[in-house]
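Chemist: File data_27.cif below, mmCIF, C-alpha atoms and all ligand atoms:
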```cif
data_model
loop_
_atom_site.label_atom_id
_atom_site.label_comp_id
_atom_site.auth_asym_id
_atom_site.auth_seq_id
_atom_site.Cartn_x
_atom_site.Cartn_y
_atom_site.Cartn_z
CA MET R 1 -7.37 -9.60 -23.43
CA THR R 2 -6.42 -7.23 -26.25
CA ARG R 3 -3.10 -6.14 -27.43
CA ASN R 4 -2.18 -2.53 -26.77
CA PRO R 5 -1.20 -1.19 -30.22
CA THR R 6 0.73 1.74 -28.72
CA SER R 7 2.78 -0.46 -26.45
CA THR R 8 6.52 0.12 -26.47
CA LEU R 9 7.15 -2.67 -24.01
CA PRO R 10 10.40 -4.46 -24.66
CA LEU R 11 9.87 -7.55 -26.77
CA PRO R 12 11.82 -10.72 -26.06
CA PRO R 13 14.39 -11.83 -28.64
CA ASP R 14 12.83 -13.90 -31.46
CA ALA R 15 15.45 -16.61 -31.53
CA PRO R 16 15.27 -19.32 -28.86
CA ASP R 17 17.92 -18.74 -26.23
CA ALA R 18 19.39 -21.77 -24.54
CA SER R 19 20.07 -19.71 -21.39
CA ARG R 20 16.39 -18.84 -21.04
CA HIS R 21 14.04 -21.31 -19.38
CA PRO R 22 11.01 -22.12 -21.60
CA PHE R 23 8.84 -20.77 -18.76
CA ALA R 24 10.61 -17.39 -18.94
CA GLU R 25 10.37 -17.43 -22.73
CA ALA R 26 6.59 -17.97 -22.63
CA VAL R 27 5.97 -15.34 -19.95
CA GLU R 28 8.10 -12.74 -21.73
CA ALA R 29 6.32 -13.42 -25.03
CA TRP R 30 2.98 -12.98 -23.27
CA TYR R 31 4.22 -9.69 -21.77
CA GLY R 32 5.18 -8.35 -25.17
CA ARG R 33 1.53 -8.69 -26.19
CA HIS R 34 -0.36 -7.92 -22.98
CA GLY R 35 1.90 -6.09 -20.50
CA ARG R 36 0.80 -2.81 -18.93
CA ARG R 37 2.44 0.48 -19.77
CA LEU R 38 3.14 2.25 -16.51
CA PRO R 39 5.09 5.48 -16.00
CA TRP R 40 7.63 3.89 -13.66
CA ARG R 41 8.51 1.35 -16.33
CA ASP R 42 9.57 4.00 -18.83
CA THR R 43 12.46 5.02 -16.63
CA ALA R 44 15.66 3.60 -15.21
CA ASP R 45 15.76 6.28 -12.50
CA PRO R 46 16.11 4.36 -9.20
CA TYR R 47 14.33 7.15 -7.27
CA HIS R 48 11.19 6.90 -9.41
CA ILE R 49 11.25 3.11 -9.35
CA TRP R 50 11.74 3.11 -5.58
CA ILE R 51 8.77 5.45 -5.04
CA SER R 52 6.54 3.31 -7.28
CA GLU R 53 7.54 0.09 -5.54
CA ILE R 54 6.88 1.49 -2.06
CA ILE R 55 3.49 2.84 -3.15
CA LEU R 56 2.59 -0.51 -4.72
CA GLN R 57 3.61 -2.57 -1.67
CA GLN R 58 0.08 -2.49 -0.29
CA THR R 59 -1.82 -0.60 -2.96
CA ARG R 60 -3.30 -1.77 -6.24
CA VAL R 61 -1.87 -0.29 -9.46
CA ALA R 62 -5.18 1.41 -10.34
CA GLN R 63 -5.19 3.30 -7.03
CA GLY R 64 -1.44 3.86 -6.80
CA TYR R 65 -1.02 5.33 -10.28
CA ASP R 66 -2.34 8.84 -9.48
CA TYR R 67 -0.55 8.91 -6.15
CA TYR R 68 2.72 8.07 -7.88
CA VAL R 69 2.28 10.84 -10.46
CA ARG R 70 1.40 13.41 -7.77
CA PHE R 71 4.16 12.28 -5.43
CA VAL R 72 7.02 12.53 -7.94
CA ARG R 73 5.67 15.85 -9.16
CA ARG R 74 5.66 17.15 -5.57
CA PHE R 75 9.07 15.59 -4.75
CA PRO R 76 10.87 15.26 -8.10
CA ASP R 77 14.08 13.78 -6.69
CA VAL R 78 15.46 12.26 -3.54
CA PHE R 79 16.89 15.60 -2.37
CA ALA R 80 13.48 17.29 -2.58
CA LEU R 81 11.98 14.45 -0.56
CA ALA R 82 14.78 14.62 2.01
CA ALA R 83 14.29 18.38 2.41
CA ALA R 84 10.54 18.09 3.08
CA SER R 85 9.06 17.94 6.57
CA GLU R 86 7.42 14.75 7.81
CA ASP R 87 4.05 16.52 7.81
CA GLU R 88 4.44 17.40 4.10
CA VAL R 89 5.32 13.80 3.22
CA LEU R 90 2.41 12.40 5.24
CA ALA R 91 0.05 14.90 3.62
CA ALA R 92 1.20 13.75 0.15
CA TRP R 93 0.61 10.16 1.26
CA GLN R 94 -2.84 10.80 2.73
CA GLY R 95 -5.38 8.21 1.62
CA LEU R 96 -2.82 5.54 0.69
CA GLY R 97 -2.78 4.01 4.17
CA TYR R 98 0.09 2.10 5.81
CA TYR R 99 1.74 5.37 6.76
CA SER R 100 4.88 3.68 8.05
CA ARG R 101 5.77 3.40 4.36
CA ALA R 102 5.83 7.19 4.03
CA ARG R 103 7.85 7.65 7.21
CA ASN R 104 10.38 5.01 6.09
CA LEU R 105 10.58 6.59 2.64
CA HIS R 106 11.31 9.94 4.20
CA ALA R 107 13.97 8.56 6.57
CA ALA R 108 15.61 6.63 3.71
CA ALA R 109 15.57 9.74 1.47
CA ARG R 110 17.46 11.63 4.16
CA SER R 111 20.09 8.90 4.42
CA ILE R 112 20.48 8.79 0.62
CA ALA R 113 20.77 12.60 0.46
CA ALA R 114 23.40 12.52 3.20
CA ALA R 115 25.35 9.89 1.22
CA GLY R 116 25.04 12.06 -1.93
CA ALA R 117 23.54 9.48 -4.31
CA PHE R 118 21.15 6.53 -4.58
CA PRO R 119 22.88 3.23 -3.73
CA THR R 120 23.83 1.14 -6.77
CA THR R 121 24.29 -2.32 -5.25
CA TYR R 122 21.70 -4.82 -4.03
CA GLU R 123 23.15 -4.67 -0.51
CA GLY R 124 23.09 -0.86 -0.50
CA VAL R 125 19.48 -0.73 -1.70
CA ARG R 126 18.41 -3.48 0.72
CA ALA R 127 19.89 -1.47 3.61
CA LEU R 128 17.46 1.43 3.01
CA ARG R 129 14.71 1.78 5.63
CA GLY R 130 11.51 0.03 4.49
CA VAL R 131 13.19 -1.93 1.65
CA GLY R 132 12.91 -5.73 1.88
CA PRO R 133 14.27 -8.39 -0.47
CA TYR R 134 11.39 -8.03 -2.93
CA THR R 135 11.67 -4.25 -3.27
CA ALA R 136 15.47 -4.39 -3.48
CA ALA R 137 15.28 -6.99 -6.26
CA ALA R 138 12.73 -4.87 -8.14
CA ILE R 139 14.77 -1.65 -7.88
CA CYS R 140 18.07 -3.33 -8.77
CA SER R 141 16.71 -5.25 -11.74
CA PHE R 142 14.59 -2.40 -13.14
CA ALA R 143 17.10 0.42 -12.58
CA TYR R 144 20.45 -1.33 -12.98
CA GLY R 145 19.67 -4.61 -14.80
CA LEU R 146 21.10 -6.62 -11.89
CA PRO R 147 20.13 -10.32 -11.92
CA HIS R 148 17.80 -10.54 -8.90
CA ALA R 149 14.43 -12.32 -9.12
CA VAL R 150 11.42 -10.61 -7.56
CA VAL R 151 9.13 -12.80 -5.49
CA ASP R 152 5.87 -11.05 -4.65
CA GLY R 153 2.34 -12.38 -4.19
CA ASN R 154 1.84 -12.61 -7.95
CA VAL R 155 5.04 -14.57 -8.42
CA TYR R 156 4.23 -16.98 -5.58
CA ARG R 157 0.87 -17.69 -7.16
CA VAL R 158 2.14 -18.27 -10.70
CA LEU R 159 5.03 -20.50 -9.59
CA ALA R 160 2.89 -22.49 -7.13
CA ARG R 161 0.32 -23.21 -9.81
CA HIS R 162 2.53 -23.77 -12.82
CA PHE R 163 4.95 -26.05 -10.98
CA GLY R 164 2.29 -27.57 -8.69
CA LEU R 165 4.00 -26.54 -5.43
CA SER R 166 1.99 -26.97 -2.25
CA THR R 167 4.63 -25.91 0.30
CA PRO R 168 3.02 -23.05 2.28
CA ILE R 169 4.36 -19.77 0.94
CA ASP R 170 4.43 -18.23 4.43
CA SER R 171 6.61 -21.01 5.87
CA THR R 172 10.40 -20.85 6.06
CA ALA R 173 10.68 -23.89 3.80
CA GLY R 174 8.28 -22.32 1.32
CA ARG R 175 10.12 -19.02 1.21
CA HIS R 176 13.40 -20.83 0.47
CA GLU R 177 11.86 -23.15 -2.11
CA PHE R 178 10.14 -20.36 -4.05
CA ALA R 179 13.15 -18.03 -3.85
CA ALA R 180 15.42 -20.76 -5.22
CA LEU R 181 13.00 -21.59 -8.04
CA ALA R 182 12.56 -17.91 -8.91
CA GLU R 183 16.34 -17.47 -9.13
CA ALA R 184 16.67 -20.61 -11.29
CA LEU R 185 14.01 -19.34 -13.73
CA LEU R 186 15.34 -15.76 -13.92
CA ASP R 187 16.31 -14.56 -17.37
CA ARG R 188 19.77 -13.35 -16.39
CA LYS R 189 20.27 -11.47 -19.66
CA ALA R 190 17.04 -9.50 -19.21
CA PRO R 191 16.10 -9.54 -15.50
CA ALA R 192 13.97 -6.36 -15.72
CA LEU R 193 11.93 -7.71 -18.61
CA TYR R 194 11.48 -11.09 -16.95
CA ASN R 195 10.51 -9.69 -13.55
CA GLN R 196 8.01 -7.23 -14.99
CA ALA R 197 6.60 -9.92 -17.26
CA LEU R 198 6.08 -12.38 -14.42
CA MET R 199 4.47 -9.80 -12.14
CA ASP R 200 2.06 -8.69 -14.87
CA PHE R 201 1.32 -12.28 -15.79
CA GLY R 202 0.24 -12.92 -12.19
CA ALA R 203 -1.73 -9.68 -11.95
CA LEU R 204 -3.59 -10.04 -15.26
CA GLN R 205 -3.56 -13.66 -16.44
CA CYS R 206 -3.00 -16.03 -13.50
CA THR R 207 -5.23 -14.02 -11.18
CA PRO R 208 -6.20 -15.11 -7.62
CA GLN R 209 -9.79 -15.81 -8.67
CA ASN R 210 -10.90 -17.05 -12.09
CA PRO R 211 -7.49 -17.19 -13.81
CA ASN R 212 -7.76 -17.19 -17.59
CA CYS R 213 -6.46 -20.76 -18.02
CA THR R 214 -8.17 -21.36 -21.35
CA ALA R 215 -6.22 -18.59 -23.04
CA CYS R 216 -3.02 -19.12 -21.07
CA PRO R 217 0.17 -19.78 -23.07
CA LEU R 218 1.38 -22.03 -20.22
CA ASN R 219 -1.72 -24.19 -19.93
CA GLY R 220 -0.01 -27.16 -21.63
CA SER R 221 2.69 -27.33 -18.97
CA CYS R 222 0.75 -26.04 -15.95
CA VAL R 223 0.70 -28.74 -13.25
CA ALA R 224 -2.18 -27.20 -11.27
CA ARG R 225 -4.28 -26.99 -14.42
CA GLN R 226 -3.62 -30.66 -15.21
CA ARG R 227 -4.41 -31.74 -11.64
CA GLY R 228 -7.42 -29.49 -11.18
CA SER R 229 -5.81 -27.74 -8.21
CA VAL R 230 -5.63 -24.19 -9.57
CA GLU R 231 -7.98 -22.68 -6.96
CA ALA R 232 -6.20 -24.49 -4.10
CA LEU R 233 -2.79 -22.93 -4.84
CA PRO R 234 -0.82 -21.25 -3.41
CA VAL R 235 -1.14 -22.71 0.09
CA ARG R 236 -0.84 -20.53 3.19
CA GLU R 237 -0.01 -21.90 6.63
CA LYS R 238 -1.41 -19.26 8.94
CA ARG R 239 -4.59 -17.31 9.03
CA THR R 240 -3.93 -13.89 10.45
CA ALA R 241 -6.10 -13.01 13.44
CA VAL R 242 -8.22 -9.91 12.88
CA ARG R 243 -8.99 -7.63 15.84
CA ASP R 244 -12.16 -5.56 16.17
CA ARG R 245 -11.75 -2.04 17.58
CA TYR R 246 -14.55 0.40 18.35
CA PHE R 247 -13.69 4.07 17.76
CA VAL R 248 -15.89 6.96 18.77
CA TYR R 249 -14.68 10.32 17.45
CA LEU R 250 -15.74 13.61 18.97
CA TYR R 251 -15.38 16.39 16.40
CA LEU R 252 -14.78 19.31 18.75
CA LEU R 253 -16.02 22.52 17.14
CA ARG R 254 -15.37 25.78 18.98
CA PRO R 255 -17.56 28.90 18.87
CA ASP R 256 -14.95 30.69 16.69
CA GLY R 257 -15.39 27.96 14.00
CA SER R 258 -12.02 26.28 14.64
CA LEU R 259 -11.71 22.60 15.54
CA LEU R 260 -9.35 20.66 17.74
CA LEU R 261 -7.09 17.89 16.44
CA ARG R 262 -4.24 15.96 17.94
CA ARG R 263 -1.40 13.86 16.59
CA ARG R 264 -1.61 10.11 16.94
CA PRO R 265 1.17 8.67 19.07
CA ALA R 266 3.78 6.05 18.18
CA GLY R 267 3.04 2.38 18.75
CA ASP R 268 -0.33 2.14 17.01
CA ILE R 269 -1.82 2.54 13.53
CA TRP R 270 -1.58 5.96 11.84
CA GLN R 271 1.39 7.21 13.84
CA GLY R 272 1.93 10.93 13.25
CA LEU R 273 -1.42 11.57 11.55
CA TYR R 274 -4.03 13.89 13.05
CA GLU R 275 -7.46 13.05 14.44
CA PRO R 276 -10.19 14.55 16.63
CA LEU R 277 -10.68 13.35 20.20
CA LEU R 278 -10.90 9.54 20.11
CA LEU R 279 -12.70 7.39 22.67
CA GLU R 280 -11.90 3.71 22.17
CA PHE R 281 -14.00 0.78 23.41
CA SER R 282 -13.33 -2.96 23.40
CA SER R 283 -16.88 -3.79 22.26
CA ALA R 284 -19.65 -1.89 20.49
CA PRO R 285 -20.54 0.96 22.87
CA SER R 286 -24.09 1.99 23.70
CA GLU R 287 -24.98 5.67 23.76
CA THR R 288 -24.83 5.49 27.57
CA ASP R 289 -21.26 4.12 27.35
CA VAL R 290 -20.25 7.00 25.09
CA MET R 291 -21.94 9.73 27.12
CA GLY R 292 -20.57 8.28 30.35
CA HIS R 293 -16.93 8.38 29.18
CA ALA R 294 -14.58 10.29 31.46
CA ALA R 295 -13.24 12.38 28.54
CA TRP R 296 -16.35 14.56 28.53
CA ALA R 297 -15.32 16.05 31.88
CA THR R 298 -12.16 17.49 30.24
CA LEU R 299 -14.05 19.42 27.55
CA GLY R 300 -15.64 22.18 29.60
CA PRO R 301 -19.17 23.38 28.81
CA VAL R 302 -20.77 21.89 25.68
CA SER R 303 -23.56 23.62 23.67
CA SER R 304 -24.80 20.62 21.68
CA VAL R 305 -23.98 17.05 20.67
CA ALA R 306 -25.18 15.32 17.50
CA GLN R 307 -24.29 11.88 16.18
CA VAL R 308 -23.18 12.15 12.53
CA VAL R 309 -21.69 8.66 11.90
CA ARG R 310 -23.01 5.32 13.16
CA GLY R 311 -21.20 1.98 12.86
CA ARG R 312 -18.98 2.84 9.87
CA LEU R 313 -16.74 -0.15 9.14
CA HIS R 314 -13.15 0.35 7.97
CA VAL R 315 -11.03 -2.75 7.31
CA LEU R 316 -7.25 -2.82 7.68
CA THR R 317 -5.04 -5.88 7.19
CA HIS R 318 -5.23 -7.03 10.82
CA GLN R 319 -7.95 -4.85 12.25
CA ARG R 320 -11.61 -4.09 11.70
CA LEU R 321 -12.43 -0.59 12.86
CA HIS R 322 -16.00 0.34 13.74
CA MET R 323 -16.51 4.07 13.94
CA ASP R 324 -19.19 6.29 15.44
CA GLY R 325 -18.79 10.04 15.14
CA TYR R 326 -20.27 12.96 17.06
CA LEU R 327 -20.26 16.65 16.30
CA VAL R 328 -19.66 18.36 19.65
CA ARG R 329 -20.13 22.12 19.75
CA LEU R 330 -18.08 23.53 22.61
CA ALA R 331 -19.39 26.53 24.49
CA SER R 332 -15.99 28.15 24.96
CA ASP R 333 -12.84 28.74 22.91
CA ALA R 334 -10.60 27.45 25.68
CA ALA R 335 -7.60 25.34 24.62
CA LEU R 336 -7.40 21.63 25.39
CA PRO R 337 -4.04 20.18 26.43
CA GLY R 338 -2.41 18.10 23.66
CA PHE R 339 -4.65 19.46 20.89
CA VAL R 340 -3.87 21.92 18.12
CA ARG R 341 -6.41 24.54 17.15
CA VAL R 342 -7.19 24.27 13.43
CA GLU R 343 -8.77 27.28 11.77
CA ALA R 344 -11.90 26.71 9.73
CA GLY R 345 -10.63 26.19 6.18
CA ALA R 346 -7.15 25.04 7.23
CA ARG R 347 -8.19 21.44 7.94
CA ASP R 348 -6.86 20.08 4.65
CA ALA R 349 -3.31 21.01 5.64
CA TYR R 350 -3.38 18.24 8.27
CA ALA R 351 -2.77 14.65 7.18
CA VAL R 352 -5.54 12.44 8.54
CA PRO R 353 -6.42 8.74 8.10
CA ARG R 354 -9.15 7.81 5.64
CA LEU R 355 -11.57 7.03 8.47
CA VAL R 356 -11.21 10.58 9.79
CA GLU R 357 -11.75 11.95 6.28
CA LEU R 358 -15.07 10.08 6.29
CA LEU R 359 -15.94 11.71 9.61
CA PHE R 360 -15.10 15.14 8.14
CA GLU R 361 -17.39 14.44 5.18
CA ALA R 362 -20.23 13.46 7.54
CA VAL R 363 -19.71 16.57 9.68
CA ASP R 364 -19.65 18.83 6.58
CA ALA R 365 -22.85 17.24 5.30
CA TYR R 366 -24.51 17.72 8.71
CA ILE R 367 -23.42 21.34 9.14
S1 LIG R 401 -2.96 -22.41 -16.83
FE1 LIG R 401 -4.12 -21.20 -15.37
S2 LIG R 401 -3.21 -21.66 -13.39
FE2 LIG R 401 -1.78 -22.36 -14.94
S3 LIG R 401 -0.36 -20.65 -15.21
FE3 LIG R 401 -1.97 -20.41 -16.74
S4 LIG R 401 -3.50 -19.07 -15.79
FE4 LIG R 401 -2.17 -19.84 -14.15
#
```
Now that the file is in, can you turn its structure into structure tokens?

Modeler:
Amino acid sequence: MTRNPTSTLPLPPDAPDASRHPFAEAVEAWYGRHGRRLPWRDTADPYHIWISEIILQQTRVAQGYDYYVRFVRRFPDVFALAAASEDEVLAAWQGLGYYSRARNLHAAARSIAAAGAFPTTYEGVRALRGVGPYTAAAICSFAYGLPHAVVDGNVYRVLARHFGLSTPIDSTAGRHEFAALAEALLDRKAPALYNQALMDFGALQCTPQNPNCTACPLNGSCVARQRGSVEALPVREKRTAVRDRYFVYLYLLRPDGSLLLRRRPAGDIWQGLYEPLLLEFSSAPSETDVMGHAAWATLGPVSSVAQVVRGRLHVLTHQRLHMDGYLVRLASDAALPGFVRVEAGARDAYAVPRLVELLFEAVDAYI
């Protein structure tokens, strides 16, 4: 790893500090040499930090970076976000996935705007919709310098390995043990520096696969390294069950060139986003299954049907989606109940899930 010569990352004090744990000292020193420069680290504005933390909850930094820049340009402060419609916020979020994050962000922005200012205490920040203990600790330490330790996946991994902890991180006992250790290690004089340093150390040095132990400043004291258990830590108790779902989309194109979309309902993935007519099956459908579906009877006369996507796999955290897509040319411009008519060329104004974007690309290539 090379040092970034333009880095203006805060450097830890040179003199040893009795209040700082040697672990914190080593991680902060590493961060001074290798930490990433990211736009949300050059600010103490809680709104910008909040947006970045919500985006990064389930998105890698490389992907989230551009979204962050675009999002804060589109909604420069919490009042602009609060004044936007849900459709505008979802459209700005399109492609990031986990859309409940955007809806929570929007609801929280409205409550902050109603209160007149961003909350300044841990309890106030934690009470915002969509903000858990990790995000509250990050916002409060980065924006206000409050002494709260962040414990995210990176932190669990580094602590489990360095201190040789095999308590499952998704157990109640594990959560308490790691939270207590994280608080004990926190550099209380520089919580922002320490938290950022530890998160970057996990993301770049003590990585899930192939951590760079040879060049690690902590390798002399790392218990997992000494015991040869690096790859086995951290331990997880549960394996999350993954469900397969089989989606067949019918892209309904009317003679006037418009298409029909509808909003996804509450209680399932992608709430509030738009999609074409969806037929869902519990196992991989045959063509006969698709053509025999009762939904066809609601469409009226059809001029032609062409399959444009076959067996496209899209993986979410707890679901594997298998998608087939058909271009269905309708013979009449009649409306369909529950659908909105979208003019040719106006499609991009509707926020859709990534899987539907892929369908659109396939339809465009076919047409
Ligand atoms: S020695 Fe390896 S496992 Fe231990 S903290 Fe360093 S990178 Fe992580």

Chemist: Find the residues of chain R that sit at most 6 Å from ligand LIG 401 (chain R); for each, write down the nearest two atoms and how far apart they are in Å, to one decimal. Count only C-alpha atoms and all ligand atoms. Sort by chain, then by number going up, and give it as a tab-separated table.

Modeler:
```
residue	atom	partner	partner_atom	distance
R:Val158	CA	R:LIG401	S3	5.7
R:Arg161	CA	R:LIG401	S2	5.3
R:His162	CA	R:LIG401	S3	4.9
R:Gln205	CA	R:LIG401	S4	5.4
R:Cys206	CA	R:LIG401	S4	3.8
R:Pro211	CA	R:LIG401	S4	4.8
R:Asn212	CA	R:LIG401	S4	5.0
R:Cys213	CA	R:LIG401	FE1	3.6
R:Cys216	CA	R:LIG401	FE3	4.6
R:Leu218	CA	R:LIG401	FE3	5.1
R:Asn219	CA	R:LIG401	S1	3.8
R:Cys222	CA	R:LIG401	FE2	4.6
R:Arg225	CA	R:LIG401	FE2	5.3
R:Val230	CA	R:LIG401	S2	5.2
```

Chemist: Can you pull out every residue within 10 Å of region 345-359 of chain R, counting only C-alpha atoms, but drop anything in the same chain fewer than 4 positions away, and send it as a VMD selection string?

Modeler: chain R and resid 87 to 99 247 249 to 251 257 to 264 269 to 276 308 to 309 312 to 315 321 to 327 341 363 to 365

Chemist: Do you have the CA of Gln319 (chain R)-CA of Arg60 (chain R) distance handy?

Modeler: 19.3 Å

Chemist: Can you work out which one of R:Arg175, R:Arg74, R:Arg33, R:His293 has the shortest atom-to-atom distance to Arg236 (chain R), counting all atoms listed in the file?

Modeler: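 Answer, going by the shortest atom-to-atom distance: R:Arg175.
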
Chemist: Please indicate the distance in Å from CA of Ile49 (chain R) to CA of Thr135 (chain R), rounded to one decimal place.

Modeler: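 Pair CA of Ile49 (chain R) / CA of Thr135 (chain R) returns 9.6 Å.
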
Chemist: Skipping near chain neighbours, those fewer than 3 positions away, what residues fall within 8 Å of Gly164 (chain R) using only C-alpha atoms, listed as a ChimeraX atom specification?

Modeler: /R:159-161,222-224,233

Chemist: One number please: CA of Arg73 (chain R) to CA of Ser100 (chain R), in Å, one decimal.

Modeler: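 If I compute the distance from CA of Arg73 (chain R) to CA of Ser100 (chain R), I get 21.1 Å.
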